[in-house]
Number of protein chains: 4
Amino acid sequence: MTQVSDNLHPFGDDESDSLHEECGVFGVVGARDAAAVAALGLHALQHRGQEAAGIVSYDGAEFHVRRGIGHVAENFSAGDAIAELPGSVAIGHVRYSTTGGAGLRNIQPLYAELAAGGFAIAHNGNISNALHLRHELVSKGAIFQSTSDTEVIVHLVATSRYPTLLDRFVDALRLVEGAYALVCMTPKRMIACRDPLGIRPLIMGRLDNAVVFASETVALDIIGARFDREVEAGELIEVDLDGKITSHRPFGKPQARPCIFEHVYFSRPDSISGGRSIYSVRKEIGAQLALEAPADVDIVVPVPDSGVPAAIGYAQQSGLPFELGIIRSHYVGRTFIQPSDGARTSSVSRKHNANRALVEGKRIVLIDDSIVRGTTSLKIVQMMRDAGAAEVHMRIASPPTTHSCFYGVDTPERSKLLAARLQVEAMREFIQADSLAFVSIDGLYRAVGEEKRDPECLNYCDACFTGEYPTRLTDLAERTGQGELSLPIGKVA
Amino acid sequence: MTQVSDNLHPFGDDESDSLHEECGVFGVVGARDAAAVAALGLHALQHRGQEAAGIVSYDGAEFHVRRGIGHVAENFSAGDAIAELPGSVAIGHVRYSTTGGAGLRNIQPLYAELAAGGFAIAHNGNISNALHLRHELVSKGAIFQSTSDTEVIVHLVATSRYPTLLDRFVDALRLVEGAYALVCMTPKRMIACRDPLGIRPLIMGRLDNAVVFASETVALDIIGARFDREVEAGELIEVDLDGKITSHRPFGKPQARPCIFEHVYFSRPDSISGGRSIYSVRKEIGAQLALEAPADVDIVVPVPDSGVPAAIGYAQQSGLPFELGIIRSHYVGRTFIQPSDGARTSSVSRKHNANRALVEGKRIVLIDDSIVRGTTSLKIVQMMRDAGAAEVHMRIASPPTTHSCFYGVDTPERSKLLAARLQVEAMREFIQADSLAFVSIDGLYRAVGEEKRDPECLNYCDACFTGEYPTRLTDLAERTGQGELSLPIGKVA
Amino acid sequence: MTQVSDNLHPFGDDESDSLHEECGVFGVVGARDAAAVAALGLHALQHRGQEAAGIVSYDGAEFHVRRGIGHVAENFSAGDAIAELPGSVAIGHVRYSTTGGAGLRNIQPLYAELAAGGFAIAHNGNISNALHLRHELVSKGAIFQSTSDTEVIVHLVATSRYPTLLDRFVDALRLVEGAYALVCMTPKRMIACRDPLGIRPLIMGRLDNAVVFASETVALDIIGARFDREVEAGELIEVDLDGKITSHRPFGKPQARPCIFEHVYFSRPDSISGGRSIYSVRKEIGAQLALEAPADVDIVVPVPDSGVPAAIGYAQQSGLPFELGIIRSHYVGRTFIQPSDGARTSSVSRKHNANRALVEGKRIVLIDDSIVRGTTSLKIVQMMRDAGAAEVHMRIASPPTTHSCFYGVDTPERSKLLAARLQVEAMREFIQADSLAFVSIDGLYRAVGEEKRDPECLNYCDACFTGEYPTRLTDLAERTGQGELSLPIGKVA
Amino acid sequence: MTQVSDNLHPFGDDESDSLHEECGVFGVVGARDAAAVAALGLHALQHRGQEAAGIVSYDGAEFHVRRGIGHVAENFSAGDAIAELPGSVAIGHVRYSTTGGAGLRNIQPLYAELAAGGFAIAHNGNISNALHLRHELVSKGAIFQSTSDTEVIVHLVATSRYPTLLDRFVDALRLVEGAYALVCMTPKRMIACRDPLGIRPLIMGRLDNAVVFASETVALDIIGARFDREVEAGELIEVDLDGKITSHRPFGKPQARPCIFEHVYFSRPDSISGGRSIYSVRKEIGAQLALEAPADVDIVVPVPDSGVPAAIGYAQQSGLPFELGIIRSHYVGRTFIQPSDGARTSSVSRKHNANRALVEGKRIVLIDDSIVRGTTSLKIVQMMRDAGAAEVHMRIASPPTTHSCFYGVDTPERSKLLAARLQVEAMREFIQADSLAFVSIDGLYRAVGEEKRDPECLNYCDACFTGEYPTRLTDLAERTGQGELSLPIGKVA
């Protein structure tokens, strides 16, 4: 889910220099203390959204809702929190980015009392025609409670003329475009589904007799559940309260195009996606990078934590030693007041510190997952030089990020992406590295097991690297008058 | 500092299965916005104490005190917090372990108004005759505000008959035994000092014209200060408000015996202690371990995060691949309610998850920093087996921890230390590993640059591994009637 | 406004033994710092609702909303609260009764973004067909955010087919039955209106060039505004942002029937209603009571604070001395834990204490405003006897309360009203007074300036005393299957 | 108790225009749930201090302490608060005036662990040589936790050389001068005592077998206890945990001189003090005033609430009607942001509102309890004139307040007292009344049952009206160099 608004770019924080998955979802049917199970599952998905969390449970008679700003552990670890959420069915959500108390209304799962009964929904992804649909709904008298794109789905369900809730839900989905992995709950069933391209992930597992849905397999591990299968692209799975599972195919069987960036950065390395270990894919990207862009250096240094697996792969492929040249503090979260003089610090230096004794006098190659605005890379390179590194080479475990994501990843607007403005050599100059290289798009596809990127048969969404968006982007088109072509800067070859 | 009490073992938490540094200290004289500088410095020392933090500043006229439960960033990042703490002189403290709101009175720095004026003190370490002194002081009419051993020093200063504050302070220190790295503040000066053996660390740096003291060098890095030197064992450094530095030697020049466990575990890897990089010492321990206890396995797997440097050293020495077989979540902190059935989870599994795809079918050697109670090791070994590891060998980057620390490290009482009860083979059986080995005490000394442990000339406190405590332990002796000999279990050879 | 629910009586608290006005409303157009003005106005209306308060302001571009549990002063006295609410137009609301954090969504003013723009509404009263309308709206796809009856009006406006917002608003009001004094706000105007019978009060005043609306005249006094006139029954007044005032009469000119209980109890004694001072009406009720039911006693004692004006009237008419025989504590609000033995206390004794030295040995007549469940009266009589009163006579400044209110006053369900179950003599026995008398219904009408109650031409709603409800009660009828006749107990003659 | 400080006048708030009792105390021995009993007792004493409250209980093994900013009901009504305070012995305290979180340390009861065991103390009054003693104690090494004068007593007890705690306590009291009503608790007993002149009140009661101490009798009424007797001036009562009561007379039997202002203003009207009903004394003051200063008016109007009893007395004596011409709001507490224009309001108008319909065209006499700075009287007179009063006469139910209190009442410094600067006619002009009169000092003594004030045999402390302080004022003398004579303005004849 994403906040929608007429006058704001849907993706926010101008200051941040990394990409954020916007959400994680979880659902469980048929487990005693379902909310406690959901809390653990969401905790394992915390990396997908740290700003807020919510759980809705159903006890056979009533729905119970609890949402809060902050981490899952802050909101759902205590006994009284779980006691407020009785029942054997629950869905949950973690989200990135909400500001202020008012934002409470945007925390998911959303819940509404429809004519057919209670309806709760948790959404990972982004509806790319949400504003368009919202305007239509409001003009017919709908009153929105939140600025979330997800609420559009709720209103479409509420106003659909089909007789059954399932039909109304499918009717609603047919009207939306974009990316969605949804877990929904009614008094009779849980519904899990993925958009026709399966852009955002959703998997299914079993915990004894209970059925579990989650964004990633790590949420199964933490509760001791076993992996069953992925929810397929365009599939809608219905689980009734007795555990009976029915699979629906409202969109036929389209070719799936899951987000390739989940492999590069978002998913946890211990998750398994598309049958592949995320960790091994990242190591393989590092190995590809070592082949494509070797470096004549003394040590391989990861930018922690996300660059570590690729750095291990790079080191193993190149035979260079893997060393922790940058130490990361895990006590981060807030911006400190800067002393008015003397102390020189930055958000980068509060989070990362050079392992000076190691780095001094060495030629190093830094391995990072991606470059967004470039400001962090610049500071990291500078930090290595200040610590006495003789040479600082940078290798990036993804192709240049040239385009914004409109499918649920918080990217800056395109004009702020360094790779949308500069060629690689100019980027190198910007970050002041001795050399800079990105893995090639074909190298990336090789790391996920393909021979190369085949434009005739694309098996992933790689729009952030290529600009080839697999769906219509109605809101964007209406905002700019012409769609993607009118983006402020031209497409980078 | 430590809480003192007649009926409680000074080191608490029965449930925890790791060792905790109890405190970090910081001081700065002569910096504009000294409290903002102190907040950053304490943030870099957060790993030394996560439960509470405090800063006292002095603005030339008045002292300003602010303390709070929680992380430094939670209490001291905001502008209004810093605005409450004006002045160019400040000291700060982070501490481990305080329970409940009442504990607020134990948060340091302590502050008192003495006849000579205001006096603030921040303490890392533990006074081993604090109870004894406290009883004496109370019998003379002293009223204690806290249960902290540190307050004993304040009352000793208050009741000393010497004329100057500095004399009173030295007079007080002569009465205390144990470990202390202190940073104190009066209206005229800052005083930094270490106990005669220098058990706990304390370093000095410069930030432009300001003088800085801190438990570790990383606190200099974050503010852009440069390292000057260590405060020496038994040294008392006085800095007046003009920046004039005077070194005193109230205890002569005893042989220093700093805590060797700082190298093994407590200090941050990017800190430099005794002229050595903590990171490189840990790698070297790993290398020693590889020499002393090789393993016929496929991969080297660190128990994150503390086992990582030793694992890199082990891998490099042995030529085996270093792999992330365990993924650590950084969103920890609270205990979750356990679902009543179905989900099987534990504090270990919420913090660590097996990288199943990597581990499956492999023979692995796990590298961890130490074994305390052994319960965590047992769970980690089990997690690796559940993930399909063919063999699980365990190597520990420290000798067996057979004795409690009485110098400011939170260790369980001796009877709960696995190595105090069991020989290595029995420990192996307990944790269910295929093999288990610890680095030898000589190997540890080699890693810190000595040839071996020389009983005639000990340069470190290694009491936790040897039981040879370098100071008297008056409180313990009085509690047991006979001192250390009466500890519930005999000394392990 | 009232909470609506299928399975709960709309009027709640089983424990309370007094009647509560459910709300106060306020609006101002054209004042600088309108929210600060509204905060003061609401503060003067605090007696009409102590549980929660809210203000919505409009600054010419955007609406700003702030709501909170607790008193106006707790939520809206501080500068930052007012700073969040910029603009020269504001409406506000105080409400009685909300439970738990979830209730936040029920705090008014409600705010919605309609197709025509923002719409805020504050409501005093109760819609007696709210459930019926809600079911209809939900079946058409409306999604309710709250359980408040007021939200029905918002959805009716949103879904009306009329072109202009004013037409839509009138269209909505034509569908609702019951009592409402409304102050609404759109980007272009403020709208204030009263239901066709004008059951709940609403007055208009001027503050320099600004126009003010409020439930009572005391809200004008506190801001130094002057009284202009009452909003008439069935009148809808529109004030545009330039201050232009237009009066509409969508319901023609029906005979007004304002709530007579506002005079007896709800309104502040310093308010003026229908051209009469509430204080003087209450004194006159006391005088009527002295004429109708004299008492051979030594002193007249009010049950504070609400019984004071009637007691003064009773004393002046009878020539008996007025004395404070009961002292009221103003530090009330919460229920204390009862000690398990020994101390005997009650909510009555925490709020009231006998002035023992005065009462001892005296014959007294107590003057109270009404009897609801009778439990308080029983305790008060007992308290007087415990203090040594020789005789305790009770006089009530209203007729017996035999029926529930469905127009915005929180009354217990009928079966819990003492006067619905018992005749006066039995009531006397229940409260253990030496004598008991109520003012007659004709006496009450005399106190408000009429000759007597004229059934042919009723100028007030007196349903709580007579059971003659002036509107349809659709929800009640649908719930019981037959309407009022099926109430658990028969009508008391 | 009072805060002591070198550079602040001990009595603070420059803005307030009324006098404040600084504290109320309560103690109970031998009641199950003693803390719950104490909470109720303190609630009845809330008028003596609204800013903070505390309770210390003892369960036979440990002391339990809980203190908080705010009302008793906010801090001690909930079950969990009481559950934190187990035991059958408890003392409690309410205090006026503490600012900010730091003030928490000044909230009473104070608690200290002395060599002889735990010691808790609650104090109403003010030690007039507290600063002097504090400097002496600090110079000997005492460390103070608070800025409260009460802590001086604790340190004197701690450092006394007498063998038993009781002897130490008496030893301490012999060193202090000023006013104190104390309730203390040790592991063996409760101690209640009053200073030799009994300036501040303290009474004893029985609740079944439990013994109760409190500042006023109303604290007995609320818990259903019966009044036993007053603790006498200079008496020290010891109650052991079995309920055995022993009376001590460490100061012999001096002539008591209780504070006469307790009758005029501080005590609740339903309390009984010195065998007299406070209510009847106040009515009698009003009657004396009517005799001494009659007014040719239409109605008698009290300034609520404190002026009500005197107004009833004035009305009854004069035969004029008693009327509520000013209505007081009980929802006060915070200062509201002033709208930048238009609305004209003040703290007076938020608290009081003219009953305009009553007052208009009438000649009125206002009855108030005292004039402090005169600013409130000015506003009240103006409010009556704005409401149309034809004449406004003011009568004050106490003599002119010409001197500060140094015995535990929060009075402005002398230069801010209107009566210290102006004669009565000038005061009348200042408050713009048509006439002004105060009851005479002899009239006041007549109201408490004496023939007149007898300078040879003073039975009350009336220093605030006469400047004749009954004790030495060491701190004041040392601050000014010469004592009272050097007060900024001369004594008013």
# chains A, B, ... in the order shown; residues from 1 in each chain; ligands from 1
$ residues_around --residues "A:Arg446" --least-positions-apart "5" --cutoff "10 Å" --atoms "only C-alpha atoms" --output "PyMOL selection string"
chain A and resi 281+284-285+288+440-441+451-453
$ closest_atom_pairs --of "chain C" --to "chain A" --cutoff "6 Å" --atoms "only C-alpha atoms" --output "CSV"
residue,atom,partner,partner_atom,distance
C:Ala115,CA,A:Ser139,CA,4.9
C:Val138,CA,A:Ala115,CA,5.3
C:Ser139,CA,A:Ala115,CA,4.9
C:Gly141,CA,A:Thr159,CA,4.3
C:Ala158,CA,A:Gly141,CA,4.4
C:Thr159,CA,A:Gly141,CA,4.3
$ write_last_selection --atoms "N, CA and C atoms" --output "compact mmCIF listing (two decimals), in the first residue's frame"
# COMPACT_ATOMS: atom_id res chain seq x y z
N ALA C 115 -17.13 14.74 -2.36
CA ALA C 115 -16.84 15.18 -3.73
C ALA C 115 -16.85 16.70 -3.81
N VAL C 138 -25.40 1.36 4.40
CA VAL C 138 -24.39 0.30 4.29
C VAL C 138 -24.77 -0.66 3.16
N SER C 139 -26.07 -0.93 3.04
CA SER C 139 -26.47 -1.87 1.99
C SER C 139 -26.19 -1.31 0.60
N GLY C 141 -23.40 0.39 0.04
CA GLY C 141 -21.95 0.46 -0.13
C GLY C 141 -21.25 1.49 0.74
N ALA C 158 -23.25 12.93 1.48
CA ALA C 158 -22.32 12.44 0.45
C ALA C 158 -23.06 11.77 -0.71
N THR C 159 -24.15 11.09 -0.40
CA THR C 159 -24.83 10.31 -1.44
C THR C 159 -26.06 11.02 -2.02
$ closest_residue --among "C:Gly92, C:Gly325, C:Pro250, C:Pro455" --to "D:Ser277" --atoms "only C-alpha atoms"
C:Gly325
$ select_by_dssp --residues "stretch 376-430 of chain D" --states "alpha helix (DSSP H)" --output "list in words"
Thr376, Ser377, Leu378, Lys379, Ile380, Val381, Gln382, Met383, Met384, Arg385, Asp386, Leu418, Ala419, Ala420, Arg421, Val424, Glu425, Ala426, Met427, Arg428, Glu429 and Phe430 of chain D
$ write_last_selection --atoms "N, CA, C and O atoms" --output "compact mmCIF listing (two decimals), in the first residue's frame"
# COMPACT_ATOMS: atom_id res chain seq x y z
N THR D 376 -7.48 40.02 41.61
CA THR D 376 -8.72 39.29 41.41
C THR D 376 -9.92 40.13 41.83
O THR D 376 -10.93 40.19 41.11
N SER D 377 -9.81 40.80 42.95
CA SER D 377 -10.92 41.63 43.42
C SER D 377 -11.27 42.68 42.38
O SER D 377 -12.44 42.94 42.08
N LEU D 378 -10.25 43.27 41.80
CA LEU D 378 -10.47 44.28 40.77
C LEU D 378 -11.28 43.72 39.61
O LEU D 378 -12.23 44.32 39.12
N LYS D 379 -10.90 42.52 39.18
CA LYS D 379 -11.60 41.91 38.04
C LYS D 379 -13.03 41.52 38.40
O LYS D 379 -13.94 41.63 37.57
N ILE D 380 -13.20 41.05 39.61
CA ILE D 380 -14.55 40.64 40.03
C ILE D 380 -15.48 41.86 40.10
O ILE D 380 -16.62 41.82 39.65
N VAL D 381 -14.96 42.92 40.67
CA VAL D 381 -15.77 44.14 40.74
C VAL D 381 -16.13 44.61 39.33
O VAL D 381 -17.28 44.93 39.02
N GLN D 382 -15.13 44.56 38.45
CA GLN D 382 -15.37 44.99 37.08
C GLN D 382 -16.42 44.10 36.40
O GLN D 382 -17.28 44.57 35.67
N MET D 383 -16.31 42.80 36.67
CA MET D 383 -17.26 41.85 36.07
C MET D 383 -18.69 42.17 36.50
O MET D 383 -19.63 42.11 35.70
N MET D 384 -18.84 42.55 37.76
CA MET D 384 -20.18 42.90 38.26
C MET D 384 -20.69 44.19 37.60
O MET D 384 -21.85 44.30 37.24
N ARG D 385 -19.78 45.14 37.43
CA ARG D 385 -20.20 46.38 36.78
C ARG D 385 -20.56 46.12 35.31
O ARG D 385 -21.55 46.63 34.81
N ASP D 386 -19.75 45.29 34.65
CA ASP D 386 -20.04 44.99 33.25
C ASP D 386 -21.40 44.30 33.11
O ASP D 386 -22.07 44.41 32.09
N LEU D 418 -1.30 43.71 48.77
CA LEU D 418 -1.94 45.01 48.62
C LEU D 418 -2.05 45.73 49.96
O LEU D 418 -1.75 46.93 50.07
N ALA D 419 -2.41 44.98 51.00
CA ALA D 419 -2.63 45.60 52.31
C ALA D 419 -1.33 46.01 52.98
O ALA D 419 -1.36 46.75 53.98
N ALA D 420 -0.19 45.52 52.48
CA ALA D 420 1.08 45.95 53.04
C ALA D 420 1.48 47.30 52.46
O ALA D 420 2.33 47.99 53.01
N ARG D 421 0.86 47.64 51.35
CA ARG D 421 1.23 48.88 50.68
C ARG D 421 0.19 50.00 50.86
O ARG D 421 0.53 51.17 50.87
N VAL D 424 -6.94 51.10 53.72
CA VAL D 424 -8.19 50.54 53.20
C VAL D 424 -8.82 51.42 52.11
O VAL D 424 -9.25 50.92 51.08
N GLU D 425 -8.83 52.73 52.30
CA GLU D 425 -9.47 53.59 51.30
C GLU D 425 -8.72 53.50 49.96
O GLU D 425 -9.33 53.45 48.90
N ALA D 426 -7.40 53.43 50.06
CA ALA D 426 -6.61 53.30 48.82
C ALA D 426 -6.84 51.94 48.18
O ALA D 426 -6.86 51.81 46.95
N MET D 427 -7.02 50.94 49.00
CA MET D 427 -7.34 49.63 48.45
C MET D 427 -8.69 49.66 47.73
O MET D 427 -8.85 49.09 46.66
N ARG D 428 -9.66 50.33 48.33
CA ARG D 428 -10.98 50.45 47.71
C ARG D 428 -10.85 51.09 46.33
O ARG D 428 -11.44 50.63 45.35
N GLU D 429 -10.02 52.10 46.28
CA GLU D 429 -9.84 52.79 45.02
C GLU D 429 -9.19 51.85 44.00
O GLU D 429 -9.58 51.79 42.84
N PHE D 430 -8.21 51.09 44.50
CA PHE D 430 -7.51 50.16 43.61
C PHE D 430 -8.46 49.13 43.00
O PHE D 430 -8.41 48.84 41.80
$ closest_residue --among "B:Pro470, B:Pro339, B:Gly24, B:Gly307" --to "B:Ala397" --atoms "only C-alpha atoms"
B:Gly307
$ atom_distance --atom1 "atom CA of B:Gln50" --atom2 "atom CA of B:Val264"
19.5 Å
$ closest_residue --among "A:Leu175, A:Ile278, A:Leu366, A:Val300" --to "A:Glu323" --atoms "only C-alpha atoms"
A:Val300
$ residues_around --residues "B:Ala219" --least-positions-apart "3" --cutoff "12 Å" --atoms "only C-alpha atoms" --output "PyMOL selection string"
(chain A and resi 329+343+345+349-350+353) or (chain B and resi 24-28+37-48+92+202-207+212-216+222-227+267-268+270-272)
$ select_by_dssp --residues "stretch 41-277 of chain C" --states "strand (DSSP E or B)" --output "NGL selection string"
:C and (52-58 or 63-69 or 89-95 or 110-114 or 117-127 or 148 or 178-185 or 189-194 or 203-207 or 210-214 or 226-230 or 236-240 or 245-248 or 259 or 272-273 or 276-277)
$ atom_distance --atom1 "atom CA of A:Ile371" --atom2 "atom CA of A:Ile299"
21.2 Å
$ residues_around --residues "D:Tyr180" --least-positions-apart "5" --cutoff "9 Å" --atoms "only C-alpha atoms" --output "list in words"
Met1, His123, Asn124, Gly125, Asn126, Ile127, Cys193, Arg194, Asp195, Pro196, Gly198, Ile199, Arg200, Pro201, Tyr407 and Gly408 of chain D
$ atom_distance --atom1 "atom CA of B:Gln316" --atom2 "atom CA of B:Gly286"
8.9 Å
$ residues_around --residues "B:Pro309" --least-positions-apart "2" --cutoff "8 Å" --atoms "only C-alpha atoms" --output "list in words"
Leu324 of chain A; Tyr279, Ser280, Arg282, Lys283, Gly286, Ser306, Gly307, Ala311, Ile312 and Gly313 of chain B
$ write_last_selection --atoms "C-alpha atoms" --output "PDB file, in the first residue's frame"
ATOM      1  CA  LEU A 324      35.019  -6.029   7.625  1.00  0.00           C
TER       2      LEU A 324
ATOM      3  CA  TYR B 279      39.046  -6.569  14.980  1.00  0.00           C
ATOM      4  CA  SER B 280      42.525  -7.846  14.234  1.00  0.00           C
ATOM      5  CA  ARG B 282      39.608 -11.272  17.163  1.00  0.00           C
ATOM      6  CA  LYS B 283      40.676 -12.445  13.714  1.00  0.00           C
ATOM      7  CA  GLY B 286      40.188 -17.232  15.147  1.00  0.00           C
ATOM      8  CA  SER B 306      30.126 -11.209  17.702  1.00  0.00           C
ATOM      9  CA  GLY B 307      31.597 -14.370  16.155  1.00  0.00           C
ATOM     10  CA  ALA B 311      35.259 -16.736  11.919  1.00  0.00           C
ATOM     11  CA  ILE B 312      36.956 -14.693   9.213  1.00  0.00           C
ATOM     12  CA  GLY B 313      40.276 -15.402  10.920  1.00  0.00           C
TER      13      GLY B 313
END
$ residues_around --residues "stretch 456-467 of chain A" --least-positions-apart "5" --cutoff "8 Å" --atoms "only C-alpha atoms" --output "list of chain:residue names"
A:Ile199, A:Gln255, A:Ala256, A:Arg257, A:Pro258, A:Cys259, A:Ile260, A:Phe261, A:Pro399, A:Pro400, A:Thr401, A:Thr402, A:His403, A:Ser404, A:Cys405, A:Ile441, A:Lys491
$ residues_around --residues "A:Ile367" --least-positions-apart "4" --cutoff "7 Å" --atoms "only C-alpha atoms" --output "list of chain:residue names"
A:Val301, A:Pro302, A:Val303, A:Gly307, A:Ala310, A:Ala311, A:Met394, A:Arg395, A:Ile396
$ write_last_selection --atoms "C-alpha atoms" --output "PDB file, in the first residue's frame"
ATOM      1  CA  VAL A 301      34.924  -4.786   1.920  1.00  0.00           C
ATOM      2  CA  PRO A 302      31.129  -5.023   2.071  1.00  0.00           C
ATOM      3  CA  VAL A 303      28.961  -2.016   2.793  1.00  0.00           C
ATOM      4  CA  GLY A 307      26.360  -5.775   0.663  1.00  0.00           C
ATOM      5  CA  ALA A 310      27.628 -10.169  -2.719  1.00  0.00           C
ATOM      6  CA  ALA A 311      30.983  -9.298  -1.159  1.00  0.00           C
ATOM      7  CA  MET A 394      33.201   0.558  -5.874  1.00  0.00           C
ATOM      8  CA  ARG A 395      31.241  -2.390  -7.282  1.00  0.00           C
ATOM      9  CA  ILE A 396      27.455  -2.431  -7.258  1.00  0.00           C
TER      10      ILE A 396
END
